[in-house]
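run.tsv follows (TSV, C-alpha atoms):
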```tsv
chain	number	residue	atom	x	y	z
A	15	MET	CA	97.07	115.04	82.36
A	16	ALA	CA	94.54	112.27	81.96
A	17	TYR	CA	93.78	113.44	78.44
A	18	ARG	CA	97.48	113.49	77.54
A	19	GLY	CA	97.80	109.93	78.86
A	20	PHE	CA	94.79	108.89	76.79
A	21	VAL	CA	96.28	110.44	73.62
A	22	ARG	CA	99.63	108.73	74.29
A	23	ARG	CA	97.94	105.35	74.85
A	24	GLN	CA	96.01	105.79	71.61
A	25	ALA	CA	99.24	106.62	69.77
A	26	ILE	CA	100.89	103.49	71.21
A	27	ASP	CA	97.86	101.35	70.30
A	28	GLY	CA	97.89	102.86	66.81
A	29	ASN	CA	101.60	102.17	66.44
A	30	SER	CA	101.34	98.57	67.61
A	31	GLU	CA	98.40	98.00	65.29
A	32	GLN	CA	100.42	99.42	62.40
A	33	LEU	CA	103.38	97.24	63.39
A	34	ALA	CA	101.17	94.14	63.57
A	35	GLN	CA	99.80	94.93	60.11
A	36	GLN	CA	103.29	95.42	58.68
A	37	ARG	CA	104.44	92.20	60.29
A	38	ALA	CA	101.49	90.26	58.88
A	39	LEU	CA	102.16	91.70	55.45
A	40	LEU	CA	105.86	90.82	55.63
A	41	ALA	CA	105.05	87.28	56.74
A	42	ALA	CA	102.66	86.86	53.79
A	43	LEU	CA	105.17	88.45	51.43
A	44	SER	CA	107.92	86.10	52.55
A	45	ASP	CA	105.61	83.11	51.96
A	46	ASP	CA	104.75	84.38	48.51
A	47	LEU	CA	108.42	84.97	47.70
A	48	ALA	CA	109.30	81.42	48.68
A	49	LEU	CA	107.04	79.94	45.98
A	50	PRO	CA	108.84	81.38	42.91
A	51	LEU	CA	112.17	80.40	44.49
A	52	ILE	CA	110.95	76.81	44.96
A	53	GLN	CA	109.66	76.85	41.37
A	54	ILE	CA	113.11	77.94	40.12
A	55	LYS	CA	114.91	75.39	42.31
A	56	THR	CA	112.75	72.49	41.14
A	57	ALA	CA	112.75	73.62	37.47
A	58	LEU	CA	116.55	73.65	37.55
A	59	GLU	CA	116.54	70.13	38.92
A	60	VAL	CA	114.35	68.98	36.03
A	61	LEU	CA	116.59	70.76	33.49
A	62	GLU	CA	119.75	69.43	35.09
A	63	HIS	CA	118.74	65.88	34.28
A	64	GLU	CA	117.59	66.50	30.75
A	65	HIS	CA	119.30	69.51	29.18
A	66	PHE	CA	122.42	70.49	31.05
A	67	ASN	CA	124.95	68.64	28.91
A	68	GLU	CA	127.52	71.43	28.57
A	69	PRO	CA	129.72	71.85	31.69
A	70	SER	CA	129.33	75.65	31.55
A	71	THR	CA	125.51	75.36	31.44
A	72	ARG	CA	125.61	72.89	34.32
A	73	GLU	CA	127.73	75.34	36.30
A	74	GLN	CA	125.31	78.19	35.60
A	75	GLY	CA	122.41	75.98	36.66
A	76	ALA	CA	124.15	75.02	39.88
A	77	SER	CA	124.86	78.67	40.58
A	78	MET	CA	121.19	79.60	40.07
A	79	ALA	CA	120.11	76.74	42.34
A	80	LEU	CA	122.47	77.98	45.07
A	81	SER	CA	121.10	81.50	44.79
A	82	ALA	CA	117.52	80.22	45.06
A	83	SER	CA	118.45	78.07	48.07
A	84	SER	CA	120.15	81.01	49.76
A	85	GLY	CA	116.97	83.08	49.34
A	86	LEU	CA	114.88	80.23	50.76
A	87	GLN	CA	117.22	79.91	53.76
A	88	LEU	CA	116.80	83.61	54.47
A	89	ILE	CA	113.02	83.32	54.29
A	90	GLU	CA	113.05	80.29	56.62
A	91	ALA	CA	115.28	82.17	59.08
A	92	TYR	CA	112.84	85.09	58.98
A	93	HIS	CA	109.91	82.76	59.73
A	94	LEU	CA	111.88	81.31	62.62
A	95	ALA	CA	112.64	84.80	63.96
A	96	LEU	CA	108.94	85.69	63.85
A	97	GLN	CA	108.09	82.47	65.67
A	98	ALA	CA	110.82	83.12	68.25
A	99	GLN	CA	109.34	86.55	68.97
A	100	ASP	CA	105.93	85.00	69.58
A	101	GLU	CA	107.19	82.36	71.97
A	102	GLN	CA	107.83	83.39	75.57
A	103	THR	CA	110.87	81.18	75.89
A	104	LEU	CA	112.52	79.00	73.29
A	105	PRO	CA	113.21	75.38	74.25
A	106	LEU	CA	116.97	75.34	74.81
A	107	VAL	CA	118.98	72.11	74.64
A	108	PRO	CA	122.72	71.40	75.06
A	109	VAL	CA	124.49	72.14	71.79
A	110	SER	CA	128.12	71.84	70.76
A	111	MET	CA	129.09	75.19	69.30
A	112	ALA	CA	132.01	73.66	67.38
A	113	GLY	CA	129.65	71.11	65.80
A	114	VAL	CA	127.16	73.79	64.75
A	115	LEU	CA	129.91	75.95	63.23
A	116	GLN	CA	131.21	72.94	61.26
A	117	ASP	CA	127.72	72.11	59.99
A	118	VAL	CA	127.06	75.67	58.87
A	119	ALA	CA	130.46	75.94	57.16
A	120	HIS	CA	129.85	72.63	55.38
A	121	GLN	CA	126.41	73.73	54.15
A	122	LEU	CA	127.59	77.13	52.96
A	123	THR	CA	130.84	76.09	51.28
A	124	PRO	CA	129.35	75.76	47.75
A	125	TYR	CA	127.68	79.17	48.12
A	126	ALA	CA	130.92	80.75	49.42
A	127	LYS	CA	132.85	79.35	46.45
A	128	GLN	CA	130.67	81.41	44.14
A	129	TYR	CA	132.10	84.49	45.82
A	130	ASP	CA	135.68	83.08	45.82
A	131	THR	CA	135.47	82.80	49.59
A	132	GLU	CA	137.05	80.14	51.71
A	133	LEU	CA	135.16	79.29	54.90
A	134	GLN	CA	137.17	78.27	57.93
A	135	VAL	CA	136.04	77.14	61.34
A	136	ASP	CA	138.16	78.18	64.28
A	137	VAL	CA	137.23	77.27	67.84
A	138	MET	CA	139.74	78.52	70.39
A	139	GLY	CA	140.23	76.15	73.28
A	140	LYS	CA	137.94	73.41	74.42
A	141	LEU	CA	134.44	74.81	74.81
A	142	ARG	CA	131.70	73.21	76.85
A	143	PRO	CA	128.26	72.67	75.31
A	144	VAL	CA	125.90	75.64	75.51
A	145	LEU	CA	122.16	75.79	75.96
A	146	ALA	CA	120.64	76.88	72.67
A	147	HIS	CA	117.66	76.49	70.39
A	148	ARG	CA	119.53	74.55	67.73
A	149	PRO	CA	117.35	75.47	64.68
A	150	SER	CA	117.55	79.18	65.58
A	151	LEU	CA	121.31	79.02	66.18
A	152	ILE	CA	121.92	77.28	62.84
A	153	ALA	CA	119.60	79.67	60.96
A	154	ALA	CA	121.24	82.71	62.61
A	155	LEU	CA	124.76	81.60	61.71
A	156	GLN	CA	123.68	80.61	58.17
A	157	CYS	CA	122.13	83.95	57.29
A	158	LEU	CA	124.84	85.93	59.10
A	159	SER	CA	127.56	84.05	57.19
A	160	ALA	CA	125.77	84.36	53.82
A	161	SER	CA	125.43	88.12	54.35
A	162	MET	CA	129.09	88.47	55.33
A	163	ILE	CA	130.19	86.42	52.30
A	164	ARG	CA	128.38	88.85	49.99
A	165	ALA	CA	129.46	91.92	51.95
A	166	GLN	CA	133.13	90.94	51.96
A	167	ALA	CA	133.14	90.18	48.24
A	168	ALA	CA	131.53	93.55	47.56
A	169	GLN	CA	134.14	95.53	49.51
A	170	THR	CA	137.34	94.55	47.76
A	171	ARG	CA	138.15	92.96	44.42
A	172	GLN	CA	140.55	90.41	45.82
A	173	LYS	CA	141.00	87.10	44.07
A	174	THR	CA	140.11	85.16	47.15
A	175	HIS	CA	138.47	85.97	50.47
A	176	ARG	CA	138.51	84.26	53.82
A	177	LEU	CA	135.62	84.09	56.27
A	178	LEU	CA	136.04	82.67	59.72
A	179	LEU	CA	133.26	81.03	61.70
A	180	GLY	CA	134.73	81.28	65.13
A	181	ALA	CA	134.05	80.79	68.81
A	182	HIS	CA	136.09	81.67	71.86
A	183	ARG	CA	135.64	82.13	75.55
A	184	SER	CA	135.09	85.78	76.51
A	185	PRO	CA	136.51	87.46	79.62
A	186	ASP	CA	132.95	87.67	81.05
A	187	ASN	CA	132.83	83.86	81.10
A	188	SER	CA	130.54	83.53	78.12
A	189	ILE	CA	131.23	82.01	74.71
A	190	ALA	CA	131.40	84.45	71.82
A	191	ALA	CA	130.37	82.76	68.60
A	192	GLY	CA	130.08	84.49	65.29
A	193	VAL	CA	131.39	85.30	61.86
A	194	PHE	CA	134.62	87.22	61.31
A	195	SER	CA	136.05	88.78	58.17
A	196	THR	CA	137.83	91.79	56.72
A	197	VAL	CA	134.53	93.70	56.37
A	198	ASP	CA	135.03	97.17	57.87
A	199	GLY	CA	132.51	99.41	59.56
A	200	LEU	CA	130.73	96.88	61.76
A	201	SER	CA	130.55	98.37	65.23
A	202	ASP	CA	128.03	98.18	68.07
A	203	ARG	CA	127.00	101.71	67.16
A	204	THR	CA	126.27	100.88	63.52
A	205	LEU	CA	124.33	97.82	64.68
A	206	ARG	CA	122.21	99.95	67.03
A	207	THR	CA	121.54	102.41	64.22
A	208	ALA	CA	120.70	99.55	61.86
A	209	ARG	CA	118.14	98.17	64.33
A	210	SER	CA	116.35	101.50	64.41
A	211	LEU	CA	116.58	101.94	60.64
A	212	ALA	CA	115.34	98.44	59.79
A	213	GLY	CA	112.31	98.77	57.56
A	214	ARG	CA	112.87	102.53	57.08
A	215	ALA	CA	116.13	102.71	55.13
A	216	ARG	CA	117.20	100.82	52.03
A	217	GLN	CA	120.66	100.33	53.49
A	218	PRO	CA	120.43	100.22	57.30
A	219	LEU	CA	124.04	99.02	57.64
A	220	PRO	CA	126.18	101.34	55.49
A	221	ALA	CA	129.13	98.92	55.53
A	222	ILE	CA	127.03	96.16	54.04
A	223	PRO	CA	125.73	96.30	50.47
A	224	ALA	CA	121.99	96.55	49.95
A	225	GLY	CA	120.53	93.06	49.94
A	226	ALA	CA	122.82	91.66	52.62
A	227	ALA	CA	121.70	93.60	55.70
A	228	SER	CA	118.48	91.65	56.25
A	229	GLY	CA	120.47	88.48	56.97
A	230	ILE	CA	122.35	90.28	59.74
A	231	LEU	CA	119.17	91.75	61.21
A	232	ILE	CA	117.43	88.36	61.15
A	233	ALA	CA	120.45	86.74	62.86
A	234	ASP	CA	120.30	89.57	65.41
A	235	MET	CA	116.60	88.83	66.12
A	236	LEU	CA	117.24	85.09	66.45
A	237	CYS	CA	120.20	85.55	68.83
A	238	ALA	CA	118.26	88.09	70.89
A	239	ALA	CA	115.40	85.58	71.24
A	240	MET	CA	117.85	82.98	72.64
A	241	TRP	CA	120.27	85.10	74.68
A	242	GLN	CA	121.62	88.46	73.56
A	243	PRO	CA	121.59	90.32	70.26
A	244	LEU	CA	124.68	90.44	68.07
A	245	ARG	CA	127.59	92.66	68.99
A	246	SER	CA	130.84	93.54	67.30
A	247	ALA	CA	133.73	91.30	68.26
A	248	ALA	CA	137.21	90.31	67.16
A	249	HIS	CA	138.68	86.87	66.60
A	250	ARG	CA	142.28	86.22	65.49
A	251	ASN	CA	142.72	89.80	64.26
A	252	LEU	CA	139.53	89.70	62.22
A	253	HIS	CA	136.47	91.85	62.93
A	254	GLY	CA	133.00	90.48	62.95
A	255	LEU	CA	129.68	90.02	64.62
A	256	ALA	CA	129.12	87.53	67.40
A	257	THR	CA	126.62	86.57	70.03
A	258	ALA	CA	127.57	85.99	73.64
A	259	VAL	CA	126.29	82.63	74.78
A	260	PRO	CA	126.16	82.19	78.54
A	261	ILE	CA	127.93	79.09	79.82
A	262	SER	CA	125.40	76.92	81.57
A	263	LYS	CA	126.41	76.14	85.14
A	264	GLN	CA	124.32	72.97	85.00
A	265	LEU	CA	126.14	71.77	81.88
A	266	GLN	CA	129.51	72.25	83.54
A	267	PHE	CA	128.72	69.17	85.62
A	268	VAL	CA	127.63	67.09	82.62
B	1	MET	CA	102.14	50.24	37.23
B	2	ALA	CA	101.97	52.02	40.60
B	3	ARG	CA	99.78	55.08	40.65
B	4	ILE	CA	100.61	58.25	42.55
B	5	LEU	CA	98.17	61.05	43.32
B	6	LEU	CA	99.83	64.43	43.60
B	7	ILE	CA	97.81	67.07	45.47
B	8	GLU	CA	99.61	70.33	44.81
B	9	SER	CA	98.06	73.75	44.29
B	10	ASP	CA	100.85	75.25	42.19
B	11	LYS	CA	100.82	74.26	38.52
B	12	ILE	CA	104.52	74.93	37.85
B	13	LEU	CA	105.69	73.01	40.89
B	14	ALA	CA	103.31	70.15	40.07
B	15	GLY	CA	104.73	70.02	36.53
B	16	ASN	CA	108.31	69.79	37.86
B	17	LEU	CA	107.33	67.08	40.33
B	18	LYS	CA	105.57	65.08	37.64
B	19	SER	CA	108.60	65.27	35.34
B	20	VAL	CA	110.86	63.76	38.00
B	21	LEU	CA	108.43	61.13	39.31
B	22	LYS	CA	107.49	59.91	35.82
B	23	LYS	CA	111.10	58.84	35.26
B	24	SER	CA	110.57	55.94	37.64
B	25	GLY	CA	107.76	54.73	35.40
B	26	ARG	CA	104.99	55.69	37.79
B	27	ARG	CA	101.64	56.96	36.68
B	28	ILE	CA	100.97	60.41	38.17
B	29	ASP	CA	97.52	61.93	38.63
B	30	TRP	CA	97.45	65.57	39.69
B	31	GLN	CA	94.76	67.40	41.64
B	32	VAL	CA	94.78	70.96	42.95
B	33	ASN	CA	92.16	70.89	45.67
B	34	PRO	CA	91.13	68.45	48.40
B	35	GLN	CA	87.58	67.87	47.18
B	36	THR	CA	88.54	66.77	43.68
B	37	ALA	CA	91.43	64.84	45.23
B	38	MET	CA	89.01	62.84	47.39
B	39	ASP	CA	86.89	61.98	44.32
B	40	SER	CA	90.07	61.03	42.45
B	41	ILE	CA	91.17	58.68	45.24
B	42	ASP	CA	87.82	56.88	45.13
B	43	ARG	CA	88.02	56.59	41.35
B	44	GLN	CA	91.70	55.94	40.67
B	45	LYS	CA	92.68	54.10	43.88
B	46	PRO	CA	96.25	55.40	44.06
B	47	ASP	CA	99.10	53.49	45.73
B	48	LEU	CA	100.53	56.64	47.30
B	49	VAL	CA	99.53	60.28	47.81
B	50	ILE	CA	101.88	63.28	47.81
B	51	LEU	CA	100.15	66.07	49.69
B	52	ASP	CA	100.77	69.79	50.10
B	53	LEU	CA	99.35	71.22	53.33
B	54	LEU	CA	98.36	74.69	52.12
B	55	LEU	CA	95.57	74.11	49.62
B	56	ALA	CA	92.67	76.17	48.34
B	57	GLY	CA	89.43	75.74	50.25
B	58	ARG	CA	90.39	73.14	52.80
B	59	GLY	CA	93.78	72.57	54.34
B	60	GLY	CA	95.80	69.39	53.87
B	61	VAL	CA	95.41	68.38	57.54
B	62	GLU	CA	91.63	68.58	57.29
B	63	PHE	CA	91.79	66.51	54.11
B	64	LEU	CA	93.86	63.91	55.96
B	65	TYR	CA	91.32	63.69	58.80
B	66	GLU	CA	88.57	62.96	56.27
B	67	LEU	CA	90.68	60.49	54.30
B	68	ARG	CA	91.61	58.49	57.40
B	69	SER	CA	87.99	58.37	58.51
B	70	TYR	CA	87.23	56.00	55.58
B	71	PRO	CA	88.21	52.40	56.34
B	72	ASP	CA	89.48	51.87	52.76
B	73	TRP	CA	92.10	54.58	53.06
B	74	GLN	CA	93.41	54.17	56.57
B	75	ASN	CA	96.65	52.59	55.38
B	76	LEU	CA	97.20	54.54	52.16
B	77	PRO	CA	100.79	55.89	52.27
B	78	ILE	CA	100.85	59.70	52.46
B	79	VAL	CA	103.97	61.75	51.80
B	80	VAL	CA	103.59	65.35	52.90
B	81	PHE	CA	105.53	67.81	50.71
B	82	SER	CA	104.86	71.08	52.41
B	83	SER	CA	105.85	74.71	52.19
B	84	VAL	CA	105.37	74.87	55.96
B	85	SER	CA	108.25	73.39	57.93
B	86	ASP	CA	107.67	70.92	60.77
B	87	ARG	CA	109.15	73.54	63.14
B	88	GLU	CA	106.47	76.02	62.10
B	89	LEU	CA	103.76	73.40	62.36
B	90	GLY	CA	104.56	72.95	66.05
B	91	ARG	CA	101.84	70.88	67.69
B	92	SER	CA	100.13	70.18	64.37
B	93	ALA	CA	103.18	68.10	63.41
B	94	LYS	CA	102.18	65.62	66.15
B	95	ASN	CA	98.64	65.52	64.73
B	96	LEU	CA	100.11	64.63	61.35
B	97	GLN	CA	102.02	61.74	62.90
B	98	GLN	CA	98.84	60.50	64.53
B	99	LEU	CA	97.17	60.61	61.13
B	100	GLY	CA	99.73	58.11	59.94
B	101	ILE	CA	101.74	60.05	57.40
B	102	THR	CA	104.62	58.02	56.00
B	103	ALA	CA	107.07	60.88	55.47
B	104	PHE	CA	107.28	64.64	55.82
B	105	TYR	CA	109.36	66.87	53.52
B	106	HIS	CA	109.78	70.61	53.59
B	107	LYS	CA	109.77	72.09	50.07
B	108	SER	CA	112.46	74.69	50.81
B	109	ASP	CA	115.16	72.21	51.74
B	110	THR	CA	114.22	69.04	49.89
B	111	SER	CA	115.32	68.24	46.36
B	112	LEU	CA	112.95	66.51	43.98
B	113	ALA	CA	115.48	63.68	43.75
B	114	GLU	CA	115.24	63.13	47.53
B	115	LEU	CA	111.45	63.10	47.33
B	116	ALA	CA	111.49	60.67	44.39
B	117	ARG	CA	113.88	58.33	46.27
B	118	SER	CA	111.59	58.32	49.28
B	119	VAL	CA	108.54	57.59	47.12
B	120	GLU	CA	110.35	54.67	45.46
B	121	GLN	CA	111.32	53.23	48.84
B	122	ILE	CA	107.74	53.40	50.08
B	123	LEU	CA	106.38	51.80	46.91
B	124	GLN	CA	108.83	48.93	46.97
B	125	PRO	CA	106.99	45.69	47.71
B	126	THR	CA	107.68	44.42	51.21
B	127	PRO	CA	109.24	40.93	51.28
B	128	ALA	CA	106.72	38.30	52.30
```

Please express what this file holds, its structure, as C-alpha cells.
Amino acid sequence: MAYRGFVRRQAIDGNSEQLAQQRALLAALSDDLALPLIQIKTALEVLEHEHFNEPSTREQGASMALSASSGLQLIEAYHLALQAQDEQTLPLVPVSMAGVLQDVAHQLTPYAKQYDTELQVDVMGKLRPVLAHRPSLIAALQCLSASMIRAQAAQTRQKTHRLLLGAHRSPDNSIAAGVFSTVDGLSDRTLRTARSLAGRARQPLPAIPAGAASGILIADMLCAAMWQPLRSAAHRNLHGLATAVPISKQLQFV
Amino acid sequence: MARILLIESDKILAGNLKSVLKKSGRRIDWQVNPQTAMDSIDRQKPDLVILDLLLAGRGGVEFLYELRSYPDWQNLPIVVFSSVSDRELGRSAKNLQQLGITAFYHKSDTSLAELARSVEQILQPTPA
C-alpha cells in the first residue's frame, strides 16, 4: 500500500514538474511571439507615413496592423491568465458591466469590420456594478469576442454577421455576461471536453476553427480566476458563452 | 537640437522607432545594452532616454538604479517603452515610479505616434 502511494506521489510530482516545464516554455514562447508582432506593427506605422499613398495599400496596411494587434491582445490575455493563476485572489473592484462591454465593443469594432461583423452591446435591464478584476474582465471579453468573430465568419458565408456582447440577470441572482452569436455547437459539454483537450488536440473545440479556440480557453481561465469559468448561455435567441458574475451584496447598498 | 538616447535591444524595433522620432528633427543615438548606454550618456549628454526594461546582461531597472545614483543624471527624463506591461511588473512598477521615470508605455498597445507625441511634450521647454 505504502509503495503504491509512493509511486502515485512520484507520478503526480512528475506530472506537475512536466506541467511547470510546459508552462514555462509557453510563457517564453508567447514573449518571443510578441516581438515579431510588435516589429510588424511598428514597421507598418513607419510605412503608413511614407509609402502608403494608394487607398488600397493603406487598407491592406491597416488590416495587417489589426491582425498584429489582435495577436498581441491574445498574448497579453494569456500573460494575464498565467498571472491570475499564480495569485491567490485577484484584487476585485466595483465595475460597471455595461461600461466594460461598451469599451470592448468600441475597441474591437475595426477588427470585426474585417470579418463583415457588426458588434452590438445589449444589456437587459438596469444592472448593478459587479466586483471584478477589470483588466482580466476586459482581456477575457476581448479575446472571447475576437475568437467568436472569426468562428462566426468561418461557419457561414453570409454577407454580414452580427455579434452581441450582452449581459442579463440570471434566475440564480447573478449577472450573465458574455458573447452571443449564431455559432453552433457551443455547449457546456463541448467546453468541458475542450478544457481537457487543451494542449493535446489541434482543435479542442470542434465548432470553432483552428486558431480561434485559444481565445476562448484563455477567457475561460481568466473568468475562472475571478468567479466561475465560462458556460453556454442564451441571450435574445442567440447562443453564446458567458460567465456568471455574482452580485455583490455590499454593492447593493452603494 | 535635442538629443535622445534610445536603449532598445531589438535592431528592427529600434530602426522603426528612430524613423518616427527623427521626423521631429531630434538627434537619436541608439544603444543595445545598459553598459554601453551608460558610457553614451556620459559622452553624449542626452536630453531624454527611451528605455526598454528587458535588456541583455543587466535589466532596465538595474540600469535606472545606477543612473539615478549619479547626481548629474537624477533629473534626466526617462521614458520606459517596455514589452512588460505595468500589470505584469506588479510591485516593480512602484519602484520605477520612485526612480523618477517620466512616462511608461507598453509596446503591445502603444503606437509609435503616441510615443513620439509624449517625447515631444517632455522635451518642450517649460515656460519661465

>> For Ala256 of chain A, find every residue with an atom within 8 Å (counting all atoms listed in the file), except residues of its own chain fewer than 6 positions away, and show them as a list in words.
In response: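 Listed by chain and then number, they are Ala190, Ala191, Gly192, Val193, Leu244, Arg245, Ser246 and Ala247 of chain A.
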
Checklist entry - What residues in chain A have any atom no more than 9 Å from chain B when counting all atoms listed in the file, and can you write them as an NGL selection string? => result :A and (45 or 48-49 or 51-57 or 59-60 or 63 or 83 or 86-87 or 90 or 93-94 or 97 or 149)

Q: Extract, using only C-alpha atoms, all DNA, RNA and protein residues at most 10 Å from Gly100 of chain B, discarding same-chain residues fewer than 5 positions from it, and format them as a VMD selection string.
A: chain B and resid 64 68 74 to 79 95

Select, counting all atoms listed in the file, all protein, DNA and RNA residues no farther than 8 Å from (99.5, 53.8, 45.9) in file coordinates, and express the selection as a PyMOL selection string.
chain B and resi 2-5+45-49+76-77+123

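Computed from the coordinates, the atom CA of Thr174 of chain A to atom CA of Glu132 of chain A distance equals 7.4 Å.
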
Contacts of Gln156 of chain A within 10 Å, all atoms listed in the file, excl. fewer than 5 positions in-chain, as a list of chain:residue names:
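Everything that qualifies: A:Ser84, A:Gln87, A:Leu88, A:Ala91, A:Leu115, A:Asp117, A:Val118, A:Ala119, A:Gln121, A:Leu122, A:Ser150, A:Leu151, A:Ser161, A:Met162, A:Val193, A:Gly229, A:Ile230, A:Ala233.
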
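Minimum atom-to-atom distance to Thr170 of chain A, evaluated using all atoms listed in the file, belongs to A:Val197 out of A:Val137, A:Ala153, A:Val197, A:Ala79.
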
Practice prompt. Would you mind listing what lies within 10 Å of Asp86 of chain B as number ranges by chain, with only C-alpha atoms counted and same-chain residues fewer than 4 positions away left out?
Written response: B: 82, 90-94, 96, 104-106

Next on the checklist: So, with all atoms listed in the file as the atoms that count, which of A:Ala212, A:Pro260, A:Leu236, A:Gln134 lies closest to Glu101 of chain A?
Outcome noted: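 Result for the nearest residue to Glu101 of chain A: A:Leu236.
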
query: Which residue gives the smallest distance to Glu120 of chain B among B:Gln44, B:Gln97, B:Ser24, B:Gln35, with all atoms listed in the file counted?
result: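 Closest candidate: B:Ser24.
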
Take every atom of segment 98-106 of chain B listed in the file, pad by 5 Å on each side, and give me the axis-aligned box centre and edge lengths in Å, one decimal, as AutoDock Vina command-line options.
```
--center_x 103.5 --center_y 64.3 --center_z 59.0 --size_x 22.6 --size_y 22.6 --size_z 21.0
```

One-decimal distance in Å that lies between atom CA of Arg27 of chain B and atom CA of Leu51 of chain B: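 Calculated distance between atom CA of Leu51 of chain B and atom CA of Arg27 of chain B is 16.0 Å.
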
Because the input lacks atoms here, generate N, CA and C atoms for segment 159-180 of chain A and report them as a compact mmCIF listing (two decimals), keeping the file's coordinate frame.
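What follows is the written file result_16.txt:
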```txt
# COMPACT_ATOMS: atom_id res chain seq x y z
N SER A 159 126.40 84.39 58.04
CA SER A 159 127.56 84.05 57.19
C SER A 159 127.29 84.40 55.73
N ALA A 160 126.09 84.07 55.23
CA ALA A 160 125.77 84.36 53.82
C ALA A 160 125.85 85.86 53.56
N SER A 161 125.36 86.66 54.51
CA SER A 161 125.43 88.12 54.35
C SER A 161 126.87 88.59 54.34
N MET A 162 127.68 88.03 55.24
CA MET A 162 129.09 88.47 55.33
C MET A 162 129.87 88.03 54.08
N ILE A 163 129.52 86.88 53.53
CA ILE A 163 130.19 86.42 52.30
C ILE A 163 129.97 87.46 51.20
N ARG A 164 128.70 87.87 51.04
CA ARG A 164 128.38 88.85 49.99
C ARG A 164 129.00 90.21 50.29
N ALA A 165 128.94 90.61 51.56
CA ALA A 165 129.46 91.92 51.95
C ALA A 165 130.96 92.00 51.71
N GLN A 166 131.67 90.94 52.09
CA GLN A 166 133.13 90.94 51.96
C GLN A 166 133.52 90.99 50.48
N ALA A 167 132.82 90.20 49.68
CA ALA A 167 133.14 90.18 48.24
C ALA A 167 132.83 91.51 47.58
N ALA A 168 131.89 92.27 48.16
CA ALA A 168 131.53 93.55 47.56
C ALA A 168 132.48 94.68 47.97
N GLN A 169 133.27 94.45 49.03
CA GLN A 169 134.14 95.53 49.51
C GLN A 169 135.48 95.64 48.79
N THR A 170 136.05 94.50 48.46
CA THR A 170 137.34 94.55 47.76
C THR A 170 137.31 93.57 46.59
N ARG A 171 138.11 93.88 45.57
CA ARG A 171 138.15 92.96 44.42
C ARG A 171 139.36 92.05 44.52
N GLN A 172 139.44 91.36 45.65
CA GLN A 172 140.55 90.41 45.82
C GLN A 172 140.21 89.15 45.04
N LYS A 173 141.26 88.36 44.79
CA LYS A 173 141.00 87.10 44.07
C LYS A 173 140.30 86.10 44.96
N THR A 174 140.75 86.07 46.21
CA THR A 174 140.11 85.16 47.15
C THR A 174 139.84 85.87 48.48
N HIS A 175 138.82 85.40 49.17
CA HIS A 175 138.47 85.97 50.47
C HIS A 175 138.45 84.84 51.50
N ARG A 176 138.56 85.26 52.75
CA ARG A 176 138.51 84.26 53.82
C ARG A 176 137.46 84.71 54.84
N LEU A 177 136.63 83.78 55.25
CA LEU A 177 135.62 84.09 56.27
C LEU A 177 135.76 83.06 57.38
N LEU A 178 135.81 83.57 58.58
CA LEU A 178 136.04 82.67 59.72
C LEU A 178 134.75 82.52 60.54
N LEU A 179 134.35 81.29 60.75
CA LEU A 179 133.26 81.03 61.70
C LEU A 179 133.95 80.63 63.00
N GLY A 180 133.91 81.51 63.95
CA GLY A 180 134.73 81.28 65.13
C GLY A 180 133.98 81.33 66.45
```
